[in-house]
Structures are given as structure tokens and as C-alpha cells.
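J.: Below is the file run-v8.txt, with compact mmCIF, C-alpha atoms and all ligand atoms.
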# COMPACT_ATOMS: atom_id res chain seq x y z
CA MET A 70 -61.59 72.96 -41.98
CA VAL A 71 -58.93 71.09 -40.10
CA ARG A 72 -59.91 68.63 -37.35
CA ILE A 73 -57.41 67.26 -34.87
CA TRP A 74 -57.74 64.38 -32.41
CA TYR A 75 -55.78 61.72 -30.55
CA HIS A 76 -55.62 58.62 -32.78
CA ASP A 77 -57.16 55.44 -31.37
CA GLY A 78 -53.81 53.66 -31.73
CA SER A 79 -55.10 50.96 -34.07
CA ASP A 80 -52.88 49.71 -36.92
CA GLU A 81 -55.89 48.83 -39.06
CA ASP A 82 -56.62 50.60 -42.37
CA GLN A 83 -55.22 54.13 -41.90
CA ARG A 84 -57.55 55.56 -44.58
CA LEU A 85 -60.23 55.42 -41.85
CA PRO A 86 -60.42 58.27 -39.30
CA HIS A 87 -59.45 56.29 -36.15
CA ILE A 88 -61.35 58.52 -33.76
CA PRO A 89 -61.62 56.62 -30.43
CA GLU A 90 -65.16 55.43 -29.74
CA LYS A 91 -64.85 56.23 -26.03
CA ASN A 92 -63.88 59.71 -24.84
CA PRO A 93 -62.27 61.03 -28.01
CA LYS A 94 -59.94 63.94 -27.36
CA PHE A 95 -60.02 66.72 -29.95
CA LEU A 96 -57.47 69.54 -30.08
CA SER A 97 -57.69 73.07 -31.42
CA PRO A 98 -55.00 74.31 -33.85
CA GLN A 99 -53.54 76.33 -30.96
CA GLU A 100 -53.36 73.22 -28.75
CA LEU A 101 -51.71 71.37 -31.63
CA PHE A 102 -49.10 74.12 -31.90
CA ASP A 103 -48.51 74.12 -28.15
CA THR A 104 -48.14 70.32 -28.11
CA VAL A 105 -46.00 69.54 -31.17
CA GLY A 106 -45.02 72.88 -32.73
CA ILE A 107 -47.00 72.51 -35.97
CA LYS A 108 -48.50 75.79 -37.08
CA HIS A 109 -51.85 75.64 -38.92
CA ILE A 110 -52.92 78.45 -41.23
CA VAL A 111 -56.12 78.70 -43.29
CA MET A 112 -55.22 79.79 -46.82
CA ASN A 113 -57.72 80.07 -49.67
CA ALA A 114 -56.54 77.46 -52.19
CA ASP A 115 -58.40 79.18 -55.04
CA THR A 116 -56.97 82.67 -54.56
CA PHE A 117 -53.64 82.34 -52.74
CA ARG A 118 -51.68 82.95 -55.96
CA GLU A 119 -53.38 86.25 -56.85
CA GLU A 120 -53.36 87.37 -53.24
CA GLY A 121 -49.65 86.51 -52.92
CA VAL A 122 -50.19 85.10 -49.42
CA LEU A 123 -48.11 81.95 -49.89
CA ASP A 124 -45.30 83.96 -51.50
CA LYS A 125 -45.38 86.32 -48.53
CA LEU A 126 -45.12 83.44 -46.05
CA LYS A 127 -42.29 81.85 -48.05
CA LYS A 128 -40.39 85.13 -48.12
CA GLU A 129 -40.83 85.68 -44.39
CA ARG A 130 -39.42 82.23 -43.61
CA GLY A 131 -36.75 82.09 -46.31
CA TYR A 132 -38.25 79.44 -48.58
CA VAL A 133 -36.95 79.15 -52.14
CA TYR A 134 -38.44 75.88 -53.44
CA GLU A 135 -42.02 74.93 -54.30
CA ASP A 136 -43.74 72.11 -56.14
CA SER A 137 -47.14 70.44 -56.40
CA VAL A 138 -47.97 66.84 -55.77
CA HIS A 139 -51.14 64.97 -56.65
CA CYS A 140 -51.38 61.98 -54.36
CA HIS A 141 -53.63 59.14 -55.53
CA THR A 142 -53.56 55.41 -56.16
CA HIS A 143 -52.86 55.65 -59.90
CA MET A 144 -49.76 57.82 -59.68
CA ASP A 145 -46.40 56.38 -60.71
CA ASN A 146 -45.09 53.95 -58.10
CA ALA A 147 -48.22 54.60 -56.03
CA GLU A 148 -47.76 51.64 -53.73
CA GLU A 149 -44.14 52.49 -52.97
CA GLU A 150 -44.82 56.22 -52.59
CA LEU A 151 -47.77 55.75 -50.25
CA ALA A 152 -45.89 53.18 -48.17
CA GLY A 153 -43.06 55.71 -47.80
CA TYR A 154 -45.45 58.44 -46.63
CA ALA A 155 -47.04 55.99 -44.16
CA THR A 156 -43.70 55.10 -42.56
CA GLU A 157 -42.87 57.13 -39.45
CA HIS A 158 -40.09 59.58 -40.28
CA PHE A 159 -38.82 63.14 -39.99
CA HIS A 160 -37.00 65.58 -42.27
CA ARG A 161 -34.01 67.83 -41.66
CA GLU A 162 -35.80 70.99 -42.79
CA GLU A 163 -39.07 72.68 -41.91
CA GLU A 164 -41.62 72.36 -44.70
CA ILE A 165 -44.93 73.91 -45.81
CA ARG A 166 -47.86 71.86 -47.09
CA LEU A 167 -50.99 73.48 -48.44
CA VAL A 168 -53.91 71.23 -49.40
CA VAL A 169 -55.57 72.44 -52.59
CA ARG A 170 -57.91 69.47 -53.14
CA GLY A 171 -59.12 66.33 -51.35
CA LYS A 172 -58.45 65.11 -47.85
CA GLY A 173 -55.70 63.29 -45.96
CA TYR A 174 -54.47 62.34 -42.51
CA PHE A 175 -51.21 63.72 -41.21
CA ASP A 176 -50.19 61.96 -37.99
CA VAL A 177 -47.63 63.36 -35.58
CA ARG A 178 -46.20 62.12 -32.28
CA ASP A 179 -46.87 64.09 -29.13
CA PRO A 180 -44.09 64.41 -26.50
CA GLU A 181 -45.46 61.27 -24.79
CA ASP A 182 -45.17 59.40 -28.09
CA LYS A 183 -48.90 59.18 -28.74
CA TRP A 184 -50.22 59.74 -32.26
CA ILE A 185 -52.18 62.92 -32.92
CA ARG A 186 -54.17 62.82 -36.17
CA ILE A 187 -54.59 65.97 -38.25
CA GLU A 188 -57.33 65.72 -40.85
CA VAL A 189 -56.36 68.18 -43.57
CA VAL A 190 -58.67 69.37 -46.33
CA LYS A 191 -58.63 72.09 -48.97
CA ASN A 192 -57.35 75.45 -47.59
CA ASP A 193 -55.39 73.86 -44.71
CA LEU A 194 -51.73 74.82 -44.57
CA LEU A 195 -49.31 73.17 -42.14
CA LEU A 196 -45.86 74.41 -41.18
CA VAL A 197 -44.10 71.18 -40.22
CA PRO A 198 -41.04 71.56 -37.98
CA ALA A 199 -37.73 69.85 -38.75
CA GLY A 200 -37.04 66.75 -36.68
CA MET A 201 -40.69 65.95 -35.91
CA TYR A 202 -41.81 62.35 -36.43
CA HIS A 203 -44.83 62.06 -38.72
CA ARG A 204 -46.61 59.85 -41.24
CA PHE A 205 -49.30 60.43 -43.85
CA SER A 206 -52.28 58.56 -45.27
CA LEU A 207 -54.93 59.42 -47.83
CA ASP A 208 -58.53 58.99 -46.69
CA VAL A 209 -60.92 56.50 -48.35
CA ASN A 210 -61.37 58.73 -51.41
CA GLU A 211 -57.62 58.41 -52.08
CA ASP A 212 -57.16 61.71 -53.83
CA MET A 213 -55.34 64.76 -52.54
CA ALA A 214 -53.41 67.58 -54.16
CA THR A 215 -50.86 69.60 -52.19
CA VAL A 216 -48.45 72.45 -52.72
CA ARG A 217 -45.16 71.73 -50.93
CA CYS A 218 -42.47 74.26 -50.10
CA PHE A 219 -38.95 73.77 -48.82
CA ILE A 220 -36.47 76.25 -47.45
CA ASP A 221 -33.60 75.12 -49.69
CA ASP A 222 -33.45 72.69 -52.54
CA PRO A 223 -35.96 69.97 -51.80
CA ASN A 224 -34.55 67.50 -49.38
CA TRP A 225 -37.03 64.66 -49.48
CA ILE A 226 -34.84 62.30 -47.51
CA PRO A 227 -37.05 60.70 -44.88
CA TYR A 228 -35.23 59.70 -41.69
CA ASN A 229 -37.20 56.63 -40.72
CA ARG A 230 -37.64 55.94 -37.04
CA LYS A 231 -37.15 52.22 -37.50
CA ASP A 232 -33.61 52.96 -38.73
CA GLY A 233 -32.60 54.39 -35.34
CA VAL A 234 -32.26 58.10 -36.15
CA ASP A 235 -33.07 59.50 -32.70
CA ASP A 236 -29.49 60.63 -32.20
CA LEU A 237 -29.41 63.01 -35.16
CA GLU A 238 -28.91 66.58 -34.00
CA VAL A 239 -32.05 67.93 -35.70
CA ARG A 240 -34.17 65.36 -33.87
CA LYS A 241 -32.58 66.06 -30.49
CA LYS A 242 -33.03 69.80 -31.00
CA TYR A 243 -36.74 69.42 -31.86
CA LEU A 244 -37.39 67.07 -28.95
CA LYS A 245 -35.63 69.34 -26.47
CA GLU A 246 -37.61 72.39 -27.55
CA ILE A 247 -40.97 70.66 -27.66
CA THR A 248 -40.52 68.79 -24.38
CA ALA A 249 -39.64 71.99 -22.53
CA LYS A 250 -42.68 73.73 -23.98
CA TYR A 251 -44.92 70.76 -23.20
CA ARG A 252 -43.77 70.61 -19.57
CA ALA A 253 -44.25 74.34 -19.16
CA ASN A 254 -47.79 74.13 -20.53
CA LYS A 255 -48.65 71.16 -18.35
CA CYS A 256 -47.64 73.12 -15.24
CA HIS A 257 -50.24 75.78 -15.94
FE FE B 1 -42.58 63.60 -44.51
Show how you would write the structure in this file as C-alpha cells.

T.:
Amino acid sequence: MVRIWYHDGSDEDQRLPHIPEKNPKFLSPQELFDTVGIKHIVMNADTFREEGVLDKLKKERGYVYEDSVHCHTHMDNAEEELAGYATEHFHREEEIRLVVRGKGYFDVRDPEDKWIRIEVVKNDLLLVPAGMYHRFSLDVNEDMATVRCFIDDPNWIPYNRKDGVDDLEVRKKYLKEITAKYRANKCH
């Protein structure tokens, strides 16, 4: 089951959980959605094909592309691939990720630019909004399999924050929406 918390901010080995020792702040999936716009769905990774639940979600949201990725340290170009995932970036399209095996850490920035860590395990599905900065790390077991879905042809291009991509329209749109929502929630 997913667990979500504010990262301790350390740059040390990201395969470790990085839960702050003092006053850790955990979030519920609803609080995660309200803060950054990521939707979390529990989907049975053993039966989702027969039940047609992923296909239904894809159809509802207009997805046409799907593939599977097994992320581990012996895959082709593992070092390069994992370094790419660990670099803060966003994509132009919304995407779906369903974990079917293993565990990993998906980190996202909150509207105040703090890292929120999402610990995903088997049966966790995330709907990741376009324009949202994120990064990914395996945990210490370094083995995770995921089904990925894209709305159109897969557009894997990562827009890395260090390259100065804040002015891209998709990023501005995401930030505007999420900041307004965040302010509104904070007022309550
Ligand atoms: Fe990404």
C-alpha cells in the first residue's frame, strides 16, 4: 500500500526512505492529490487484465499507448537510465504508472518546492499530471516492474529542471492550476 511523506531533504543515497527523524509528516492519497494533483488508485496487479480495469481507465482518459518496464541494475544502460529517472524533470503529457512488482520512490515537488516522497509498491497506480516536476529511485532491493501508459505515442522526453524549462507552457499551466488549488486549500 502506498505511503507518502515529506522527504528529509538529504541528497544521500536515494534508495533509502529519507523519512525525517523528527516530526515526520505523512500525507494521505487525498492530501497528495490536493497538494500536487497526482491521483492514486489501487489496482490489483494480478487481475487488472481480466477485469479490464486499466483498459477502462485508459479509455476514459483517451490513452492509446502502453508498455512495460522492468527497472533494475542489470538492465541495458542501467546506470544511464537510472540517472535519468533520478534527475528532476517533467513531461508534456499526463501518464499512468502501475507497479506490478517491487518497490520504488517517486518524488514530486509541492507548491512550496519541497520534495514529497511517494513509496509505490505492487498494486499502486499513479496518474501523473503533465508539467509536474518529479524524479524516481529504486529502493535498496533495486527491482521494480511497471506498466506505463501514455495518451499519444510515447513521449519520453524529460524536460530537466536544470536546463531552465520553467517557461514552457505546460509547466506554467500546471503550476498555475496547482498553486490556486493549494492556496484555496490552505485558506480552509
Ligand atoms: Fe518522468

J.: For ligand FE 1 (chain B), return the neighbouring residues as a count of residues only (distance at most 7 Å; all atoms listed in the file).

T.: 7

J.: Hey, what's within 12 Å of stretch 246-254 of chain A if we count all atoms listed in the file and toss same-chain stuff fewer than 6 positions away? As a PyMOL selection string, please?

T.: chain A and resi 100-107+178-182+198-201+239-240

J.: Grab the residues selected above and save them as an mmCIF file, in the coordinates of the input with C-alpha atoms.

T.:
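Result went into result35.cif, see below:
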data_model
loop_
_atom_site.group_PDB
_atom_site.id
_atom_site.type_symbol
_atom_site.label_atom_id
_atom_site.label_comp_id
_atom_site.auth_asym_id
_atom_site.auth_seq_id
_atom_site.Cartn_x
_atom_site.Cartn_y
_atom_site.Cartn_z
ATOM 1 C CA GLU A 100 -53.360 73.220 -28.750
ATOM 2 C CA LEU A 101 -51.710 71.370 -31.630
ATOM 3 C CA PHE A 102 -49.100 74.120 -31.900
ATOM 4 C CA ASP A 103 -48.510 74.120 -28.150
ATOM 5 C CA THR A 104 -48.140 70.320 -28.110
ATOM 6 C CA VAL A 105 -46.000 69.540 -31.170
ATOM 7 C CA GLY A 106 -45.020 72.880 -32.730
ATOM 8 C CA ILE A 107 -47.000 72.510 -35.970
ATOM 9 C CA ARG A 178 -46.200 62.120 -32.280
ATOM 10 C CA ASP A 179 -46.870 64.090 -29.130
ATOM 11 C CA PRO A 180 -44.090 64.410 -26.500
ATOM 12 C CA GLU A 181 -45.460 61.270 -24.790
ATOM 13 C CA ASP A 182 -45.170 59.400 -28.090
ATOM 14 C CA PRO A 198 -41.040 71.560 -37.980
ATOM 15 C CA ALA A 199 -37.730 69.850 -38.750
ATOM 16 C CA GLY A 200 -37.040 66.750 -36.680
ATOM 17 C CA MET A 201 -40.690 65.950 -35.910
ATOM 18 C CA VAL A 239 -32.050 67.930 -35.700
ATOM 19 C CA ARG A 240 -34.170 65.360 -33.870
#

J.: Considering all atoms listed in the file, state which residue in the set A:Gly131, A:Pro223, A:Gly171, A:Gly233 is at the smallest distance from A:Asp208.

T.: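 For A:Asp208, the nearest of the given residues is A:Gly171.
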
J.: Between A:Lys183, A:Gly121, A:Lys242, A:Val168, which has the minimum distance to A:Ser79 (counting only C-alpha atoms)?

T.: A:Lys183

J.: Provide the atom CA of A:Lys108 to atom CA of A:Glu120 distance in Å, to one decimal place.

T.: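 Answer for the atom CA of A:Lys108 to atom CA of A:Glu120 separation: 20.5 Å.
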
J.: From the set A:Glu129, A:Glu81, A:Glu148, A:Asp124, which residue has the shortest atom-to-atom contact distance to A:Met112, counting only C-alpha atoms?

T.: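 Looking only at the distances to A:Met112, the closest residue turns out to be A:Asp124.
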
J.: Can you list, as an MDAnalysis selection string, every protein, DNA or RNA residue that comes within 6 Å of stretch 217-221 of chain A when you count only C-alpha atoms, leaving out same-chain residues fewer than 5 positions away?

T.: chainID A and resid 131:137 164:166

J.: What's around A:Tyr75 at 9 Å? Count only C-alpha atoms, leave out sequence neighbours fewer than 5 positions away in its own chain, and write the answer as a PyMOL selection string.

T.: chain A and resi 87-89+93-96+183-187

J.: What does the structure give for the distance between atom CA of A:Lys245 and atom CA of A:Val111, in Å to one decimal?

T.: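 Taking atom CA of A:Lys245 and atom CA of A:Val111, their separation equals 28.1 Å.
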
J.: Give me the residues near A:Thr215 as a PDB file with C-alpha atoms, in the frame of the given file, where near means some atom within 12 Å (using all atoms listed in the file) and where sequence neighbours in that chain fewer than 4 positions away do not count.

T.:
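around35.pdb, written as the output of this step:
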ATOM      1  CA  ALA A 114     -56.540  77.460 -52.190  1.00  0.00           C
ATOM      2  CA  GLU A 135     -42.020  74.930 -54.300  1.00  0.00           C
ATOM      3  CA  ASP A 136     -43.740  72.110 -56.140  1.00  0.00           C
ATOM      4  CA  SER A 137     -47.140  70.440 -56.400  1.00  0.00           C
ATOM      5  CA  VAL A 138     -47.970  66.840 -55.770  1.00  0.00           C
ATOM      6  CA  HIS A 139     -51.140  64.970 -56.650  1.00  0.00           C
ATOM      7  CA  CYS A 140     -51.380  61.980 -54.360  1.00  0.00           C
ATOM      8  CA  HIS A 141     -53.630  59.140 -55.530  1.00  0.00           C
ATOM      9  CA  ILE A 165     -44.930  73.910 -45.810  1.00  0.00           C
ATOM     10  CA  ARG A 166     -47.860  71.860 -47.090  1.00  0.00           C
ATOM     11  CA  LEU A 167     -50.990  73.480 -48.440  1.00  0.00           C
ATOM     12  CA  VAL A 168     -53.910  71.230 -49.400  1.00  0.00           C
ATOM     13  CA  VAL A 169     -55.570  72.440 -52.590  1.00  0.00           C
ATOM     14  CA  ARG A 170     -57.910  69.470 -53.140  1.00  0.00           C
ATOM     15  CA  GLY A 171     -59.120  66.330 -51.350  1.00  0.00           C
ATOM     16  CA  LYS A 172     -58.450  65.110 -47.850  1.00  0.00           C
ATOM     17  CA  GLY A 173     -55.700  63.290 -45.960  1.00  0.00           C
ATOM     18  CA  VAL A 189     -56.360  68.180 -43.570  1.00  0.00           C
ATOM     19  CA  VAL A 190     -58.670  69.370 -46.330  1.00  0.00           C
ATOM     20  CA  LYS A 191     -58.630  72.090 -48.970  1.00  0.00           C
ATOM     21  CA  ASN A 192     -57.350  75.450 -47.590  1.00  0.00           C
ATOM     22  CA  ASP A 193     -55.390  73.860 -44.710  1.00  0.00           C
ATOM     23  CA  LEU A 194     -51.730  74.820 -44.570  1.00  0.00           C
ATOM     24  CA  LEU A 195     -49.310  73.170 -42.140  1.00  0.00           C
ATOM     25  CA  LEU A 207     -54.930  59.420 -47.830  1.00  0.00           C
TER      26      LEU A 207
END

J.: May I have the residues within 10 Å of A:Lys231 as a PyMOL selection string, using only C-alpha atoms and disregarding those fewer than 3 positions away in the same chain?

T.: chain A and resi 156-158+228+234-235

J.: What does the structure give for the distance between atom CA of A:Val71 and atom CA of A:Asn229, in Å to one decimal?

T.: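 Calculated distance between atom CA of A:Val71 and atom CA of A:Asn229 is 26.1 Å.
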
J.: Could you check the closest approach to A:Arg72 for each of A:Lys241, A:Phe175, A:Arg130, A:Asp145 and tell me which residue wins, using all atoms listed in the file?

T.: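 Result for the nearest residue to A:Arg72: A:Phe175.
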